[in-house]
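Peer 1: Supplied in structure tokens, the structure appears directly below.
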Amino acid sequence: MKENFGLWQEWNASQHGQNGINCLDCHQAQKNDPDAFTHKGQLISILVTPKDCARCHPTEVKEQQRSHHATAGQILNSLDNLLGEVIGGPAAVVVGCRQCHGGKVEIDAKGRPTMDTWPNTGIGRINPDGSWGSCAACHGRHTFSRAQARTPDTCGKCHIGPDHPQLEVYNESKHGILYRAQTETDPSKLNLHSDKWVAGVDNPIAPTCSTCHMSEAQGLAKTHDVGERISWNLRSPVSNKINLVRLDNGKSFDVPEGKPVPKVGSQARGAKVIEVLTWENRREMMETVCYACHGEKFVTGHYKQLDDFVELYNEKFAKPVKAIMGELKKMGKITPSPFDDKIEWIWWEIWHHEGRVARHGAAMMGPDYAWWHGLYEVAQHTYFKFIPELEHIVGKEEAKRLVKKHFTHPGHDWYFNGMNKDALKKIKAEYEKRYGKGSVQ
């Protein structure tokens, strides 16, 4: 207590402290644990892993271990990791990527975590005991507060920025506006400390991230599998609706719509399939939460608008640009190595940055992120960065052929044939009415 008084105060005020859960209850270790060492006569571990938490919270850990959160550290073969490790550098990965995604915690000969892998509370941290994740990523030690885990800012430590802007989108949305208004007037009505967490009942005023993705609703159990209710993959270059397959080894994986889905009872990835949730099932789960506060037409209208928007992104921009990138590789015009050609960076930012911003803006009701920070930039970069660079690589005639071949969506007509003259006249008249004659040339 004398050495870490602030830490002790947090613990003492917590549910753990108030219910007699002491330091050793969580930090105890076994003799054969690789991260065990003796401290003041007790065998302990610095790391407290989900496996440790499961002694008291088995259901929550079971759900967490099969979730996308738990697998966040499995990014070694991703382009994101290549950018960090190779193009950036290992030190950038340690303080950047791994602090959200998590990384493997290495243990030295004395049983302590090595300084280049610790501290780390990444959501998909790879622990010495074989478990994945860190409960403290959301329930910060040593208060381990459910209220903290239910606040949007907790999620926003990682879900922020140009490639996963959920916090910014939430803040712009009506949900975020309601939340901030309530925190400034009467935060107690948010019920963030409530034992129960039922959508529309315990938090009827301002939903947070955990309300939609984790809470109980009518006929729907609460969950720590935060991706369970997501029906679109909005992170990939081209979005797909996703089916969820759960295995008897506690793991799960997504299968894009149109791909074969293993049946319950069959084998997949070395384990038995015990449950399949189609993308329709997953959407129905989220809709159940929505219905706690919204009418049916509101909810179905939202999803219709989202589906139309994602289809627009896919068909007009992502699929044709991706197809041209594939042709460039076949033609030998760009190398097999990623990120050593300028056009690869342009394509990366079209889908990984602006494309993700746009899709999440549409999904979470953030209009400025759907358009100005999203699809507007997708369009601008496609027409005035990607196509000019394509012309530089293969020449204007070949570029024209490739664009004509793949840019078949009717929304590209303005680019090939020019704007409608009557529409241009109306735009000019409107702007001159607003800003004066000659304001538009």
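Ordering of the structure tokens sets the chain letters (A, B, ...), residue numbers begin anew at 1 in every chain, and ligands are numbered from 1 in the order given.
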Would you pick out the contacts of range 226-229 of chain A at 10 Å or less, using only C-alpha atoms, so that residues sharing its chain but fewer than 6 positions from it are not included, and give the list as number ranges by chain?
Peer 2: A: 63-64, 66-69, 209-210, 212-215, 243-244, 277, 279-289
Peer 1: Limited to N, CA and C atoms, could you put the picked residues into a file as a short mmCIF file (atom, residue, chain, number, x, y, z; two decimals), in the first residue's frame?
Peer 2:
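Contents of the output file result_34.cif:
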```cif
data_model
loop_
_atom_site.label_atom_id
_atom_site.label_comp_id
_atom_site.auth_asym_id
_atom_site.auth_seq_id
_atom_site.Cartn_x
_atom_site.Cartn_y
_atom_site.Cartn_z
N GLU A 63 -17.34 -15.94 -23.69
CA GLU A 63 -17.81 -15.10 -24.79
C GLU A 63 -16.68 -14.24 -25.34
N GLN A 64 -15.85 -13.71 -24.45
CA GLN A 64 -14.73 -12.86 -24.88
C GLN A 64 -13.71 -13.64 -25.69
N ARG A 66 -14.07 -16.08 -27.73
CA ARG A 66 -14.48 -16.42 -29.09
C ARG A 66 -14.72 -15.16 -29.92
N SER A 67 -14.52 -13.99 -29.35
CA SER A 67 -14.88 -12.73 -30.01
C SER A 67 -13.77 -12.20 -30.90
N HIS A 68 -14.11 -11.20 -31.71
CA HIS A 68 -13.11 -10.51 -32.52
C HIS A 68 -12.10 -9.79 -31.64
N HIS A 69 -12.51 -9.32 -30.48
CA HIS A 69 -11.58 -8.69 -29.56
C HIS A 69 -10.41 -9.63 -29.25
N CYS A 209 -21.81 2.53 -26.90
CA CYS A 209 -21.37 1.40 -27.73
C CYS A 209 -21.84 0.07 -27.14
N SER A 210 -21.68 -0.07 -25.81
CA SER A 210 -22.02 -1.34 -25.18
C SER A 210 -23.52 -1.59 -25.14
N CYS A 212 -25.62 -1.14 -27.65
CA CYS A 212 -25.98 -1.80 -28.91
C CYS A 212 -25.27 -3.13 -29.11
N HIS A 213 -24.01 -3.21 -28.72
CA HIS A 213 -23.21 -4.38 -29.05
C HIS A 213 -23.16 -5.44 -27.95
N MET A 214 -23.59 -5.09 -26.72
CA MET A 214 -23.39 -6.03 -25.62
C MET A 214 -24.61 -6.23 -24.73
N SER A 215 -25.54 -5.29 -24.72
CA SER A 215 -26.59 -5.31 -23.70
C SER A 215 -27.62 -6.41 -23.92
N ASN A 243 -21.52 -14.51 -42.12
CA ASN A 243 -22.11 -15.55 -41.28
C ASN A 243 -21.09 -15.93 -40.20
N LEU A 244 -21.58 -16.32 -39.04
CA LEU A 244 -20.72 -16.63 -37.90
C LEU A 244 -20.77 -18.12 -37.59
N LEU A 277 -24.59 -18.80 -37.01
CA LEU A 277 -25.47 -17.63 -37.08
C LEU A 277 -25.31 -17.02 -38.46
N TRP A 279 -25.91 -14.18 -41.47
CA TRP A 279 -25.88 -12.73 -41.36
C TRP A 279 -27.27 -12.19 -41.03
N GLU A 280 -28.31 -12.90 -41.51
CA GLU A 280 -29.67 -12.49 -41.16
C GLU A 280 -29.93 -12.65 -39.66
N ASN A 281 -29.43 -13.76 -39.07
CA ASN A 281 -29.57 -13.95 -37.63
C ASN A 281 -28.89 -12.83 -36.86
N ARG A 282 -27.70 -12.48 -37.30
CA ARG A 282 -26.93 -11.45 -36.61
C ARG A 282 -27.63 -10.09 -36.71
N ARG A 283 -28.18 -9.82 -37.88
CA ARG A 283 -28.90 -8.55 -38.05
C ARG A 283 -30.15 -8.52 -37.18
N GLU A 284 -30.85 -9.64 -37.11
CA GLU A 284 -32.04 -9.70 -36.26
C GLU A 284 -31.69 -9.42 -34.81
N MET A 285 -30.51 -9.89 -34.37
CA MET A 285 -30.07 -9.61 -33.01
C MET A 285 -29.91 -8.10 -32.78
N MET A 286 -29.23 -7.45 -33.72
CA MET A 286 -29.04 -6.01 -33.56
C MET A 286 -30.37 -5.27 -33.67
N GLU A 287 -31.22 -5.71 -34.58
CA GLU A 287 -32.53 -5.07 -34.71
C GLU A 287 -33.34 -5.19 -33.42
N THR A 288 -33.18 -6.32 -32.72
CA THR A 288 -33.87 -6.49 -31.45
C THR A 288 -33.47 -5.40 -30.46
N VAL A 289 -32.19 -5.06 -30.45
CA VAL A 289 -31.72 -3.96 -29.60
C VAL A 289 -32.32 -2.64 -30.07
#
```
Peer 1: I'd like to know which residues of range 191-397 of chain A are helix (DSSP H, G or I) (by DSSP, run on the backbone); could you write them as a ChimeraX atom specification?
Peer 2: /A:209-214,279-290,296-330,342-363,367-394,396-397
Peer 1: Could you name the residues that touch Lys189 in chain A at 12 Å or less, counting only C-alpha atoms, but leaving out those on the same chain fewer than 5 positions away, as a PyMOL selection string?
Peer 2: chain A and resi 178-179+181-184+194+201-207
Peer 1: Save the residues we just selected, N, CA and C atoms, as a tab-separated table (two decimals), in the first residue's frame?
Peer 2:
```
chain	number	residue	atom	x	y	z
A	178	LEU	N	-26.93	12.72	-27.62
A	178	LEU	CA	-27.75	12.46	-26.43
A	178	LEU	C	-26.88	12.10	-25.23
A	179	TYR	N	-25.84	11.30	-25.47
A	179	TYR	CA	-24.96	10.88	-24.38
A	179	TYR	C	-24.25	12.08	-23.76
A	181	ALA	N	-25.10	15.23	-23.90
A	181	ALA	CA	-26.07	16.11	-23.24
A	181	ALA	C	-26.42	15.57	-21.85
A	182	GLN	N	-26.56	14.26	-21.74
A	182	GLN	CA	-26.93	13.68	-20.45
A	182	GLN	C	-25.78	13.73	-19.45
A	183	THR	N	-24.55	13.55	-19.92
A	183	THR	CA	-23.41	13.64	-19.00
A	183	THR	C	-23.26	15.04	-18.43
A	184	GLU	N	-23.73	16.04	-19.17
A	184	GLU	CA	-23.62	17.43	-18.70
A	184	GLU	C	-24.81	17.87	-17.86
A	194	SER	N	-25.16	0.33	-13.27
A	194	SER	CA	-26.23	-0.62	-13.00
A	194	SER	C	-25.78	-2.07	-13.10
A	201	VAL	N	-34.23	-0.04	-21.05
A	201	VAL	CA	-34.72	-0.10	-19.67
A	201	VAL	C	-33.73	0.58	-18.73
A	202	ASP	N	-32.51	0.06	-18.71
A	202	ASP	CA	-31.50	0.62	-17.80
A	202	ASP	C	-30.80	1.83	-18.38
A	203	ASN	N	-30.82	1.97	-19.70
A	203	ASN	CA	-30.20	3.14	-20.32
A	203	ASN	C	-31.09	3.62	-21.47
A	204	PRO	N	-32.28	4.14	-21.14
A	204	PRO	CA	-33.22	4.52	-22.19
A	204	PRO	C	-32.95	5.88	-22.81
A	205	ILE	N	-32.04	6.64	-22.21
A	205	ILE	CA	-31.87	8.04	-22.61
A	205	ILE	C	-30.82	8.20	-23.69
A	206	ALA	N	-29.69	7.50	-23.55
A	206	ALA	CA	-28.57	7.73	-24.46
A	206	ALA	C	-27.76	6.45	-24.61
A	207	PRO	N	-27.95	5.68	-25.68
A	207	PRO	CA	-27.19	4.44	-25.85
A	207	PRO	C	-25.71	4.69	-26.09
```
Peer 1: Measuring between only C-alpha atoms, which one of A:Val105, A:Ile274, A:Val394, A:Ile242 shows the shortest distance to Asp129 in chain A?
Peer 2: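 Residue with the minimum atom-to-atom distance to Asp129 in chain A: A:Val105.
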Peer 1: Set the distance at 8 Å and use only C-alpha atoms: which residues neighbour Gln441 in chain A once local chain neighbours fewer than 2 positions away are removed? I'd like the list as a CSV table (one decimal) with C-alpha atoms, in the first residue's frame.
Peer 2:
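The new file out-v5.csv reads:
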```csv
chain,number,residue,atom,x,y,z
A,428,LYS,CA,-24.9,28.1,-61.6
A,438,GLY,CA,-19.9,35.5,-61.5
A,439,SER,CA,-19.4,33.5,-58.3
```
Peer 1: For a quick check of understanding, using only C-alpha atoms, which of A:Ala29, A:Ala363, A:Leu247, A:Ile393 has the smallest distance to Lys304 in chain A?
Peer 2: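 Under the stated criterion, the closest residue is A:Ala363.
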Peer 1: Can you pull out every residue within 9 Å of range 365-369 of chain A, counting only C-alpha atoms, but drop anything in the same chain fewer than 5 positions away, and send it as a PyMOL selection string?
Peer 2: chain A and resi 165+168-175+302+354+357-360+374-375
Peer 1: Measuring between only C-alpha atoms, which one of A:Glu60, A:Ser239, A:Trp8, A:Ala370 shows the shortest distance to Glu311 in chain A?
Peer 2: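 Closest to Glu311 in chain A, using only C-alpha atoms: A:Ser239.
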Peer 1: Expressed in Å to a single decimal, how great is the separation between CA of His139 in chain A and CA of Thr154 in chain A?
Peer 2: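 The value is 8.6 Å.
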Peer 1: Give me the range 155-230 of chain A side of the contact with range 119-127 of chain A, cut-off 12 Å, one line per residue showing its nearest atom pair and distance in Å at one decimal, counting only C-alpha atoms, sorted by chain and residue number, as a Markdown table.
Peer 2:
```
| residue | atom | partner | partner_atom | distance |
| --- | --- | --- | --- | --- |
| A:Cys155 | CA | A:Ile123 | CA | 10.5 |
| A:Lys157 | CA | A:Gly122 | CA | 10.3 |
| A:Cys158 | CA | A:Ile123 | CA | 9.1 |
| A:His159 | CA | A:Ile123 | CA | 11.5 |
| A:Val226 | CA | A:Ile123 | CA | 11.9 |
```
Peer 1: For those residues, write C-alpha atoms to a file as an mmCIF file, in the first residue's frame.
Peer 2:
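Saved to again_14.cif:
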```
data_model
loop_
_atom_site.group_PDB
_atom_site.id
_atom_site.type_symbol
_atom_site.label_atom_id
_atom_site.label_comp_id
_atom_site.auth_asym_id
_atom_site.auth_seq_id
_atom_site.Cartn_x
_atom_site.Cartn_y
_atom_site.Cartn_z
ATOM 1 C CA CYS A 155 -13.952 1.991 -26.774
ATOM 2 C CA LYS A 157 -8.953 4.300 -27.208
ATOM 3 C CA CYS A 158 -8.767 1.916 -30.162
ATOM 4 C CA HIS A 159 -11.853 2.617 -32.264
ATOM 5 C CA VAL A 226 -18.977 -7.764 -29.250
#
```
Peer 1: How would you write, as number ranges by chain, the set of residues in range 168-399 of chain A that DSSP gives as strand (DSSP E)?
Peer 2: A: 232-233, 240-247, 252-256, 267-268, 271-277
Peer 1: Would you output that residue set with N, CA and C atoms, as an mmCIF file, in the first residue's frame?
Peer 2:
```cif
data_model
loop_
_atom_site.group_PDB
_atom_site.id
_atom_site.type_symbol
_atom_site.label_atom_id
_atom_site.label_comp_id
_atom_site.auth_asym_id
_atom_site.auth_seq_id
_atom_site.Cartn_x
_atom_site.Cartn_y
_atom_site.Cartn_z
ATOM 1 N N TRP A 232 -22.457 -6.884 -41.420
ATOM 2 C CA TRP A 232 -21.570 -6.489 -42.526
ATOM 3 C C TRP A 232 -20.125 -6.483 -42.037
ATOM 4 N N ASN A 233 -19.199 -6.912 -42.875
ATOM 5 C CA ASN A 233 -17.784 -6.614 -42.655
ATOM 6 C C ASN A 233 -17.500 -5.281 -43.341
ATOM 7 N N ASN A 240 -18.563 -7.523 -47.338
ATOM 8 C CA ASN A 240 -19.422 -8.695 -47.470
ATOM 9 C C ASN A 240 -20.300 -8.813 -46.236
ATOM 10 N N LYS A 241 -21.498 -9.354 -46.420
ATOM 11 C CA LYS A 241 -22.280 -9.768 -45.270
ATOM 12 C C LYS A 241 -21.649 -11.043 -44.724
ATOM 13 N N ILE A 242 -21.692 -11.219 -43.408
ATOM 14 C CA ILE A 242 -20.891 -12.276 -42.792
ATOM 15 C C ILE A 242 -21.727 -13.198 -41.903
ATOM 16 N N ASN A 243 -21.520 -14.510 -42.115
ATOM 17 C CA ASN A 243 -22.107 -15.551 -41.275
ATOM 18 C C ASN A 243 -21.095 -15.927 -40.197
ATOM 19 N N LEU A 244 -21.584 -16.322 -39.036
ATOM 20 C CA LEU A 244 -20.716 -16.633 -37.901
ATOM 21 C C LEU A 244 -20.767 -18.122 -37.590
ATOM 22 N N VAL A 245 -19.582 -18.749 -37.528
ATOM 23 C CA VAL A 245 -19.475 -20.175 -37.219
ATOM 24 C C VAL A 245 -18.767 -20.331 -35.879
ATOM 25 N N ARG A 246 -19.392 -21.046 -34.954
ATOM 26 C CA ARG A 246 -18.805 -21.284 -33.634
ATOM 27 C C ARG A 246 -18.404 -22.741 -33.488
ATOM 28 N N LEU A 247 -17.265 -22.955 -32.815
ATOM 29 C CA LEU A 247 -16.668 -24.286 -32.704
ATOM 30 C C LEU A 247 -16.649 -24.757 -31.253
ATOM 31 N N SER A 252 -14.333 -19.071 -32.905
ATOM 32 C CA SER A 252 -15.348 -18.825 -33.930
ATOM 33 C C SER A 252 -14.694 -18.128 -35.110
ATOM 34 N N PHE A 253 -15.383 -18.107 -36.249
ATOM 35 C CA PHE A 253 -14.864 -17.397 -37.416
ATOM 36 C C PHE A 253 -16.017 -16.985 -38.315
ATOM 37 N N ASP A 254 -15.755 -15.980 -39.151
ATOM 38 C CA ASP A 254 -16.756 -15.464 -40.073
ATOM 39 C C ASP A 254 -16.617 -16.113 -41.446
ATOM 40 N N VAL A 255 -17.735 -16.297 -42.114
ATOM 41 C CA VAL A 255 -17.765 -16.786 -43.493
ATOM 42 C C VAL A 255 -18.536 -15.772 -44.325
ATOM 43 N N PRO A 256 -17.890 -15.163 -45.342
ATOM 44 C CA PRO A 256 -18.595 -14.178 -46.170
ATOM 45 C C PRO A 256 -19.786 -14.785 -46.894
ATOM 46 N N GLN A 267 -16.974 -30.815 -39.245
ATOM 47 C CA GLN A 267 -15.664 -30.373 -38.787
ATOM 48 C C GLN A 267 -15.226 -29.135 -39.564
ATOM 49 N N ALA A 268 -14.614 -28.199 -38.864
ATOM 50 C CA ALA A 268 -14.074 -26.996 -39.499
ATOM 51 C C ALA A 268 -12.907 -26.491 -38.668
ATOM 52 N N ALA A 271 -12.007 -28.513 -35.513
ATOM 53 C CA ALA A 271 -12.936 -28.610 -34.391
ATOM 54 C C ALA A 271 -14.347 -28.858 -34.914
ATOM 55 N N LYS A 272 -15.257 -29.151 -34.000
ATOM 56 C CA LYS A 272 -16.643 -29.439 -34.361
ATOM 57 C C LYS A 272 -17.473 -28.160 -34.354
ATOM 58 N N VAL A 273 -18.283 -27.982 -35.398
ATOM 59 C CA VAL A 273 -19.173 -26.824 -35.482
ATOM 60 C C VAL A 273 -20.363 -27.045 -34.550
ATOM 61 N N ILE A 274 -20.573 -26.101 -33.621
ATOM 62 C CA ILE A 274 -21.674 -26.249 -32.663
ATOM 63 C C ILE A 274 -22.796 -25.239 -32.893
ATOM 64 N N GLU A 275 -22.531 -24.189 -33.663
ATOM 65 C CA GLU A 275 -23.572 -23.186 -33.917
ATOM 66 C C GLU A 275 -23.213 -22.383 -35.161
ATOM 67 N N VAL A 276 -24.221 -22.032 -35.930
ATOM 68 C CA VAL A 276 -24.050 -21.149 -37.082
ATOM 69 C C VAL A 276 -25.077 -20.031 -36.981
ATOM 70 N N LEU A 277 -24.594 -18.800 -37.015
ATOM 71 C CA LEU A 277 -25.474 -17.634 -37.076
ATOM 72 C C LEU A 277 -25.310 -17.017 -38.456
#
```
Peer 1: Tell me, as number ranges by chain, which residues lie within 7 Å of Gln28 in chain A, counting only C-alpha atoms; anything in the same chain fewer than 5 positions away does not count.
Peer 2: A: 43-45
Peer 1: Which residues, written as a list of chain:residue names, have at least one atom at most 12 Å from His381 in chain A, with only C-alpha atoms counted and residues fewer than 2 positions away on the same chain left out?
Peer 2: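 Counting only the stated atoms, we get A:Phe317, A:Ala318, A:Val321, A:Ile343, A:Trp345, A:Ile346, A:Trp347, A:Trp348, A:Glu349, A:Ile350, A:Trp351, A:His353, A:Glu354, A:Gly355, A:His373, A:Gly374, A:Leu375, A:Tyr376, A:Glu377, A:Val378, A:Ala379, A:Tyr383, A:Phe384, A:Lys385, A:Phe386, A:Ile387, A:Pro388, A:Glu389.
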Peer 1: Let me see the file: selected residues, C-alpha atoms, as a CSV table (one decimal), in the first residue's frame.
Peer 2:
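Just written: part-v8.csv:
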```csv
chain,number,residue,atom,x,y,z
A,317,PHE,CA,-15.5,2.2,-56.5
A,318,ALA,CA,-14.0,-0.8,-54.6
A,321,VAL,CA,-10.4,-0.4,-58.5
A,343,ILE,CA,-0.7,3.3,-56.8
A,345,TRP,CA,-0.7,3.5,-51.4
A,346,ILE,CA,-3.6,5.2,-53.2
A,347,TRP,CA,-5.6,2.0,-53.3
A,348,TRP,CA,-4.8,1.3,-49.6
A,349,GLU,CA,-6.1,4.7,-48.6
A,350,ILE,CA,-9.2,4.4,-50.8
A,351,TRP,CA,-10.4,1.3,-49.0
A,353,HIS,CA,-9.0,4.9,-44.8
A,354,GLU,CA,-11.7,6.8,-46.7
A,355,GLY,CA,-13.7,3.6,-47.5
A,373,HIS,CA,-14.8,12.5,-44.8
A,374,GLY,CA,-15.9,9.3,-46.5
A,375,LEU,CA,-17.3,8.7,-50.0
A,376,TYR,CA,-16.4,12.2,-51.2
A,377,GLU,CA,-12.7,11.4,-50.5
A,378,VAL,CA,-13.1,7.9,-52.0
A,379,ALA,CA,-14.4,9.5,-55.2
A,383,TYR,CA,-10.8,10.0,-60.1
A,384,PHE,CA,-7.9,12.3,-59.5
A,385,LYS,CA,-5.3,10.2,-57.8
A,386,PHE,CA,-5.8,6.6,-58.8
A,387,ILE,CA,-6.7,7.1,-62.5
A,388,PRO,CA,-3.8,9.7,-63.1
A,389,GLU,CA,-1.3,7.3,-61.5
```
Peer 1: For each of A:Arg146, A:His406, A:Lys426, A:Lys297, take the minimum atom-to-atom distance to Gln15 in chain A, counting only C-alpha atoms, then give the residue where this is smallest.
Peer 2: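 Distance minimum relative to Gln15 in chain A lands on A:Arg146.
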Peer 1: Suppose you want the space between CA of Asp153 in chain A and CA of Leu167 in chain A; what is it in Å?
Peer 2: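 Interatomic distance, CA of Asp153 in chain A to CA of Leu167 in chain A: 7.4 Å.
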Peer 1: Just the number, please: distance in Å from CA of Pro152 in chain A to CA of Arg180 in chain A, one decimal.
Peer 2: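 Between CA of Pro152 in chain A and CA of Arg180 in chain A the gap works out to 10.2 Å.
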